[in-house]
$ cat upload.cif   # mmCIF, C-alpha atoms
data_work
loop_
_atom_site.label_atom_id
_atom_site.label_comp_id
_atom_site.auth_asym_id
_atom_site.auth_seq_id
_atom_site.Cartn_x
_atom_site.Cartn_y
_atom_site.Cartn_z
CA MET A 1 61.44 7.19 69.11
CA THR A 2 60.45 7.90 72.71
CA LEU A 3 57.42 6.61 74.55
CA PRO A 4 55.62 9.98 74.46
CA ALA A 5 55.98 9.97 70.68
CA MET A 6 54.24 6.61 70.50
CA LYS A 7 51.32 7.46 72.78
CA PRO A 8 49.14 8.43 69.80
CA ALA A 9 49.10 4.74 68.89
CA LEU A 10 47.22 4.03 72.09
CA LEU A 11 45.05 7.09 71.70
CA VAL A 12 43.97 5.90 68.27
CA ALA A 13 42.89 2.57 69.69
CA LEU A 14 41.34 3.73 72.94
CA GLY A 15 39.96 7.00 71.56
CA MET A 16 37.62 5.02 69.30
CA ILE A 17 35.53 4.43 72.41
CA SER A 18 34.41 8.06 72.50
CA LEU A 19 34.91 9.45 69.00
CA PRO A 20 32.46 7.23 67.07
CA ALA A 21 29.89 6.93 69.86
CA ALA A 22 26.92 7.05 67.49
CA SER A 23 28.44 4.35 65.30
CA LEU A 24 29.29 2.07 68.20
CA ARG A 25 25.75 2.28 69.62
CA ALA A 26 24.63 0.51 66.44
CA ALA A 27 27.77 -1.63 66.19
CA ASP A 28 27.88 -5.22 65.08
CA VAL A 29 29.29 -7.45 67.81
CA SER A 30 31.15 -10.66 67.04
CA ALA A 31 33.34 -13.12 68.88
CA ASN A 32 35.77 -15.81 67.81
CA ILE A 33 37.51 -18.82 69.27
CA GLY A 34 40.10 -21.07 67.72
CA TRP A 35 43.25 -23.14 67.81
CA ASN A 36 46.69 -22.94 66.15
CA SER A 37 48.70 -26.11 65.63
CA GLU A 38 51.57 -23.65 66.11
CA TYR A 39 51.10 -19.98 66.91
CA ILE A 40 53.51 -18.08 64.65
CA TYR A 41 53.26 -14.29 64.53
CA ARG A 42 55.04 -12.35 61.81
CA GLY A 43 57.25 -15.33 61.18
CA ILE A 44 58.30 -15.78 64.83
CA PRO A 45 57.16 -18.98 66.64
CA GLN A 46 55.29 -18.28 69.87
CA LYS A 47 53.88 -21.63 71.05
CA THR A 48 53.00 -25.08 69.74
CA SER A 49 49.28 -25.88 70.09
CA SER A 50 47.77 -22.55 71.14
CA ALA A 51 44.12 -21.70 71.79
CA PHE A 52 42.84 -18.17 71.15
CA GLY A 53 39.71 -16.06 71.30
CA GLY A 54 38.55 -12.51 70.69
CA LEU A 55 35.71 -9.99 70.76
CA ASP A 56 35.05 -7.27 68.14
CA LEU A 57 32.72 -4.29 67.68
CA GLN A 58 32.27 -2.70 64.25
CA GLY A 59 30.12 0.23 63.15
CA GLY A 60 30.34 3.06 60.64
CA GLY A 61 33.84 2.06 59.57
CA PHE A 62 35.15 2.10 63.15
CA ASN A 63 36.26 -0.99 65.03
CA LEU A 64 37.29 -1.92 68.55
CA GLY A 65 38.47 -5.28 69.72
CA THR A 66 40.48 -7.49 72.00
CA TRP A 67 42.14 -10.83 71.34
CA ALA A 68 44.00 -13.30 73.55
CA ALA A 69 46.14 -16.37 72.93
CA ASP A 70 47.88 -18.99 75.07
CA VAL A 71 51.66 -18.46 74.87
CA GLY A 72 52.61 -21.01 77.54
CA ASP A 73 53.83 -18.54 80.14
CA GLY A 74 50.47 -16.83 80.56
CA LEU A 75 48.44 -15.11 77.87
CA GLU A 76 49.08 -12.60 75.13
CA VAL A 77 46.24 -10.06 75.38
CA ASP A 78 45.88 -7.49 72.58
CA PHE A 79 43.72 -4.37 72.38
CA TYR A 80 43.13 -2.56 69.10
CA GLY A 81 40.96 -0.01 67.38
CA GLY A 82 40.80 1.81 64.10
CA TYR A 83 38.92 3.20 61.17
CA ALA A 84 38.62 1.80 57.63
CA PHE A 85 36.92 2.99 54.48
CA ASP A 86 36.72 2.22 50.76
CA ALA A 87 37.24 4.58 47.84
CA GLY A 88 36.43 2.87 44.58
CA GLU A 89 38.67 -0.17 44.22
CA PHE A 90 40.92 1.03 47.05
CA SER A 91 40.59 0.46 50.79
CA PHE A 92 42.31 2.40 53.56
CA SER A 93 42.73 1.80 57.29
CA VAL A 94 44.42 3.44 60.26
CA GLY A 95 44.51 2.32 63.87
CA GLY A 96 46.51 1.33 66.90
CA THR A 97 47.39 -1.92 68.68
CA TRP A 98 48.62 -2.58 72.21
CA TYR A 99 50.17 -6.02 72.86
CA THR A 100 50.33 -7.08 76.53
CA TYR A 101 51.28 -10.28 78.39
CA THR A 102 50.02 -11.70 81.68
CA GLY A 103 53.30 -13.56 82.34
CA ASP A 104 56.98 -13.06 81.57
CA PHE A 105 56.79 -14.43 78.02
CA ASP A 106 57.36 -10.96 76.56
CA ASP A 107 56.99 -7.24 77.28
CA GLU A 108 54.57 -4.67 75.89
CA TYR A 109 54.44 -3.43 72.31
CA LEU A 110 52.65 -0.32 71.03
CA GLU A 111 51.92 0.12 67.33
CA THR A 112 50.36 2.59 64.94
CA ASN A 113 48.88 0.65 62.01
CA PHE A 114 48.26 1.73 58.42
CA GLY A 115 46.77 -0.29 55.57
CA LEU A 116 46.18 0.18 51.85
CA GLY A 117 44.33 -2.34 49.72
CA TRP A 118 43.65 -2.67 45.99
CA LYS A 119 41.74 -5.61 44.52
CA TRP A 120 43.74 -8.70 45.55
CA PHE A 121 46.60 -6.84 47.22
CA THR A 122 47.06 -5.34 50.69
CA PHE A 123 50.04 -3.32 51.90
CA ASP A 124 50.41 -2.82 55.66
CA VAL A 125 52.79 -0.63 57.67
CA GLU A 126 53.23 -0.88 61.44
CA LEU A 127 55.26 1.68 63.39
CA GLY A 128 56.12 0.14 66.72
CA TYR A 129 57.68 0.69 70.13
CA TYR A 130 58.90 -2.19 72.33
CA LYS A 131 59.18 -1.67 76.10
CA ASN A 132 61.86 -4.42 76.40
CA PHE A 133 61.70 -5.21 80.14
CA ASP A 134 64.63 -3.46 81.92
CA GLY A 135 66.66 -3.02 78.74
CA PRO A 136 66.71 -0.08 76.33
CA THR A 137 63.42 0.57 74.59
CA LEU A 138 63.38 -0.38 70.91
CA ASP A 139 61.71 1.11 67.85
CA TYR A 140 60.73 -0.92 64.82
CA GLN A 141 58.81 -0.88 61.60
CA PHE A 142 57.05 -3.83 60.04
CA TYR A 143 56.05 -3.91 56.37
CA SER A 144 54.02 -6.58 54.63
CA ILE A 145 52.33 -7.16 51.30
CA THR A 146 49.63 -9.79 50.86
CA ALA A 147 48.03 -11.13 47.70
CA GLU A 148 44.80 -13.12 48.07
CA PHE A 149 42.41 -14.65 45.56
CA GLY A 150 39.81 -17.34 46.06
CA GLY A 151 41.11 -18.32 49.48
CA ILE A 152 44.69 -18.75 48.27
CA TYR A 153 47.12 -16.17 49.64
CA GLY A 154 50.77 -15.26 49.78
CA LYS A 155 52.52 -12.81 52.11
CA ILE A 156 55.96 -11.26 52.49
CA GLY A 157 56.74 -9.52 55.78
CA SER A 158 59.88 -7.67 56.84
CA PHE A 159 61.12 -5.74 59.90
CA ALA A 160 63.31 -2.62 59.97
CA ASP A 161 65.05 -0.33 62.49
CA ASP A 162 65.87 -2.07 65.82
CA PHE A 163 64.21 -5.29 64.62
CA ASP A 164 65.37 -7.09 61.48
CA GLY A 165 64.50 -10.09 59.34
CA SER A 166 61.85 -11.33 56.93
CA TYR A 167 59.43 -14.19 56.45
CA TYR A 168 57.39 -15.65 53.61
CA GLU A 169 53.97 -17.23 53.98
CA ALA A 170 51.57 -18.99 51.62
CA GLY A 171 48.34 -20.78 52.36
CA TYR A 172 44.72 -21.52 51.73
CA GLY A 173 41.72 -20.70 53.88
CA ASN A 174 38.03 -21.54 53.59
CA THR A 175 34.89 -22.35 55.54
CA LEU A 176 33.71 -25.87 56.34
CA THR A 177 29.92 -26.13 56.00
CA ALA A 178 27.31 -28.88 56.38
CA GLN A 179 23.87 -28.41 54.82
CA GLU A 180 24.58 -24.68 54.45
CA THR A 181 25.48 -24.44 58.14
CA HIS A 182 28.79 -22.77 59.02
CA ILE A 183 30.82 -25.31 61.00
CA LEU A 184 34.25 -23.66 61.24
CA ASP A 185 36.91 -21.76 59.32
CA TYR A 186 40.24 -23.36 58.52
CA THR A 187 43.59 -22.22 57.16
CA LEU A 188 46.53 -24.37 56.12
CA ALA A 189 49.76 -22.42 55.66
CA ILE A 190 53.49 -22.82 55.19
CA ILE A 191 55.77 -20.19 56.76
CA HIS A 192 59.47 -19.74 56.09
CA SER A 193 61.42 -17.41 58.39
CA ASP A 194 64.93 -16.32 57.53
CA ALA A 195 67.96 -16.66 59.79
CA THR A 196 68.05 -12.95 60.63
CA LEU A 197 64.48 -13.00 61.94
CA LEU A 198 65.05 -16.12 64.07
CA GLY A 199 68.47 -15.01 65.33
CA GLY A 200 70.66 -17.70 63.84
CA LYS A 201 69.03 -20.32 61.61
CA SER A 202 66.13 -20.18 59.15
CA ASP A 203 63.16 -22.47 59.65
CA THR A 204 59.99 -23.57 57.86
CA HIS A 205 56.70 -24.54 59.50
CA LEU A 206 53.48 -26.07 58.25
CA ILE A 207 50.55 -24.91 60.40
CA LEU A 208 46.82 -25.50 60.70
CA ILE A 209 44.44 -22.91 62.12
CA LEU A 210 40.85 -23.74 63.09
CA SER A 211 38.40 -21.05 64.21
CA LYS A 212 34.73 -20.37 64.76
CA SER A 213 33.06 -16.95 64.75
CA PHE A 214 29.80 -15.87 66.34
CA ASP A 215 27.65 -12.82 65.54
CA PHE A 216 25.39 -11.24 68.18
#

$ encode --input "upload.cif" --output "structure tokens"
Amino acid sequence: MTLPAMKPALLVALGMISLPAASLRAADVSANIGWNSEYIYRGIPQKTSSAFGGLDLQGGGFNLGTWAADVGDGLEVDFYGGYAFDAGEFSFSVGGTWYTYTGDFDDEYLETNFGLGWKWFTFDVELGYYKNFDGPTLDYQFYSITAEFGGIYGKIGSFADDFDGSYYEAGYGNTLTAQETHILDYTLAIIHSDATLLGGKSDTHLILILSKSFDF
């Protein structure tokens, strides 16, 4: 897949700025900050003890947002946008994500994102392009299925094409409150990544995520 073929992924994300103008004028605005005991993304460790934060706009099914995390050598800064809707017990979403880095930790990724949900299950497909510094550009797909009920969840994620490997995640998330006041959200999870994904040896991590959201 060539770069021009992947440009629609960016257009989906950035085009949300103009397409749903009426919806975004009445959009809900929220922000979040948090901390990972270890930042692990799609089964791949990024950094131990990582702070993060983001900003989101939502209106009429459309969403725009940005999110950043400390990866040691600078920041990971993501930009994303999309559209989601429900049809009976089913939910659907389509969008785009652009992953960038302020340092040399990694190079840019572009993705087109699709999601399908039914009751407790969500199936996600990501079609991606990796710039890969001065090396050959790489194409990949990422597939995941998540089951969630009452704060308990399980996930299986797997890469295909130029990327390969799988991981398995299970955890529990909830909100800590005091006298009906929202203090923070927390998630405790265990993640097992296979040897193919990590390039040699499988590994298992127990992580804690703490976050706080704000509505404006």

$ closest_residue --input "upload.cif" --among "A:Asp164, A:Asp124, A:Asp215, A:Asp70" --to "Tyr140 (chain A)" --atoms "only C-alpha atoms"
A:Asp164

$ residues_around --input "upload.cif" --residues "region 88-95 of chain A" --least-positions-apart "4" --cutoff "9 Å" --atoms "only C-alpha atoms" --output "tab-separated table (two decimals) with C-alpha atoms, in the frame of the given file"
chain	number	residue	atom	x	y	z
A	9	ALA	CA	49.10	4.74	68.89
A	10	LEU	CA	47.22	4.03	72.09
A	12	VAL	CA	43.97	5.90	68.27
A	13	ALA	CA	42.89	2.57	69.69
A	63	ASN	CA	36.26	-0.99	65.03
A	80	TYR	CA	43.13	-2.56	69.10
A	81	GLY	CA	40.96	-0.01	67.38
A	82	GLY	CA	40.80	1.81	64.10
A	83	TYR	CA	38.92	3.20	61.17
A	84	ALA	CA	38.62	1.80	57.63
A	111	GLU	CA	51.92	0.12	67.33
A	112	THR	CA	50.36	2.59	64.94
A	113	ASN	CA	48.88	0.65	62.01
A	114	PHE	CA	48.26	1.73	58.42
A	115	GLY	CA	46.77	-0.29	55.57
A	116	LEU	CA	46.18	0.18	51.85
A	117	GLY	CA	44.33	-2.34	49.72
A	118	TRP	CA	43.65	-2.67	45.99
A	119	LYS	CA	41.74	-5.61	44.52
A	122	THR	CA	47.06	-5.34	50.69

$ closest_residue --input "upload.cif" --among "A:Leu198, A:Ala26, A:Leu210, A:Ala178" --to "Gly59 (chain A)" --atoms "all atoms listed in the file"
A:Ala26

$ residues_around --input "upload.cif" --residues "Ser193 (chain A)" --least-positions-apart "2" --cutoff "9 Å" --atoms "only C-alpha atoms" --output "PyMOL selection string"
chain A and resi 42-44+165-169+191+195-198+201-205

$ atom_distance --input "upload.cif" --atom1 "CA of Thr187 (chain A)" --atom2 "CA of Pro45 (chain A)"
16.9 Å

$ closest_residue --input "upload.cif" --among "A:Thr102, A:Thr137, A:Thr48, A:Ser37" --to "Ala68 (chain A)" --atoms "all atoms listed in the file"
A:Thr102

$ residues_near_point --input "upload.cif" --point "(60.4, -3.5, 55.0)" --cutoff "9 Å" --atoms "only C-alpha atoms" --output "number ranges by chain"
A: 125, 141-144, 157-160, 164-166

$ atom_distance --input "upload.cif" --atom1 "CA of Val71 (chain A)" --atom2 "CA of Leu110 (chain A)"
18.6 Å

$ resolve_selection --input "upload.cif" --expression "the PyMOL selection byres ((chain A and resi 75) around 9)" --output "list in words"
Ala68, Ala69, Asp70, Val71, Gly72, Asp73, Gly74, Glu76, Val77, Thr100, Tyr101, Thr102, Gly103 and Phe105 of chain A

$ atom_distance --input "upload.cif" --atom1 "CA of Leu55 (chain A)" --atom2 "CA of Ser30 (chain A)"
5.9 Å

$ closest_residue --input "upload.cif" --among "A:Gly128, A:Gly53, A:Gly135, A:Gly60" --to "Ile33 (chain A)" --atoms "only C-alpha atoms"
A:Gly53

$ closest_residue --input "upload.cif" --among "A:Glu126, A:Asp161, A:Phe52, A:Phe85" --to "Trp98 (chain A)" --atoms "all atoms listed in the file"
A:Glu126

$ residues_around --input "upload.cif" --residues "Leu176 (chain A)" --least-positions-apart "5" --cutoff "12 Å" --atoms "all atoms listed in the file" --output "PyMOL selection string"
chain A and resi 181-187+210-212

$ residues_around --input "upload.cif" --residues "Asn36 (chain A)" --least-positions-apart "3" --cutoff "8 Å" --atoms "all atoms listed in the file" --output "list in words"
Tyr39, Thr48, Ser49, Ser50, Ala51, Phe52, Ile207, Leu208, Ile209 and Leu210 of chain A

$ axis_aligned_box --input "upload.cif" --around "region 140-144 of chain A" --padding-each-side "3 Å" --output "lines of an AutoDock Vina configuration file"
center_x = 57.4
center_y = -3.7
center_z = 59.7
size_x = 12.7
size_y = 11.7
size_z = 16.2

$ closest_residue --input "upload.cif" --among "A:Glu148, A:Asp106, A:Asp134, A:Asp162" --to "Gln46 (chain A)" --atoms "only C-alpha atoms"
A:Asp106
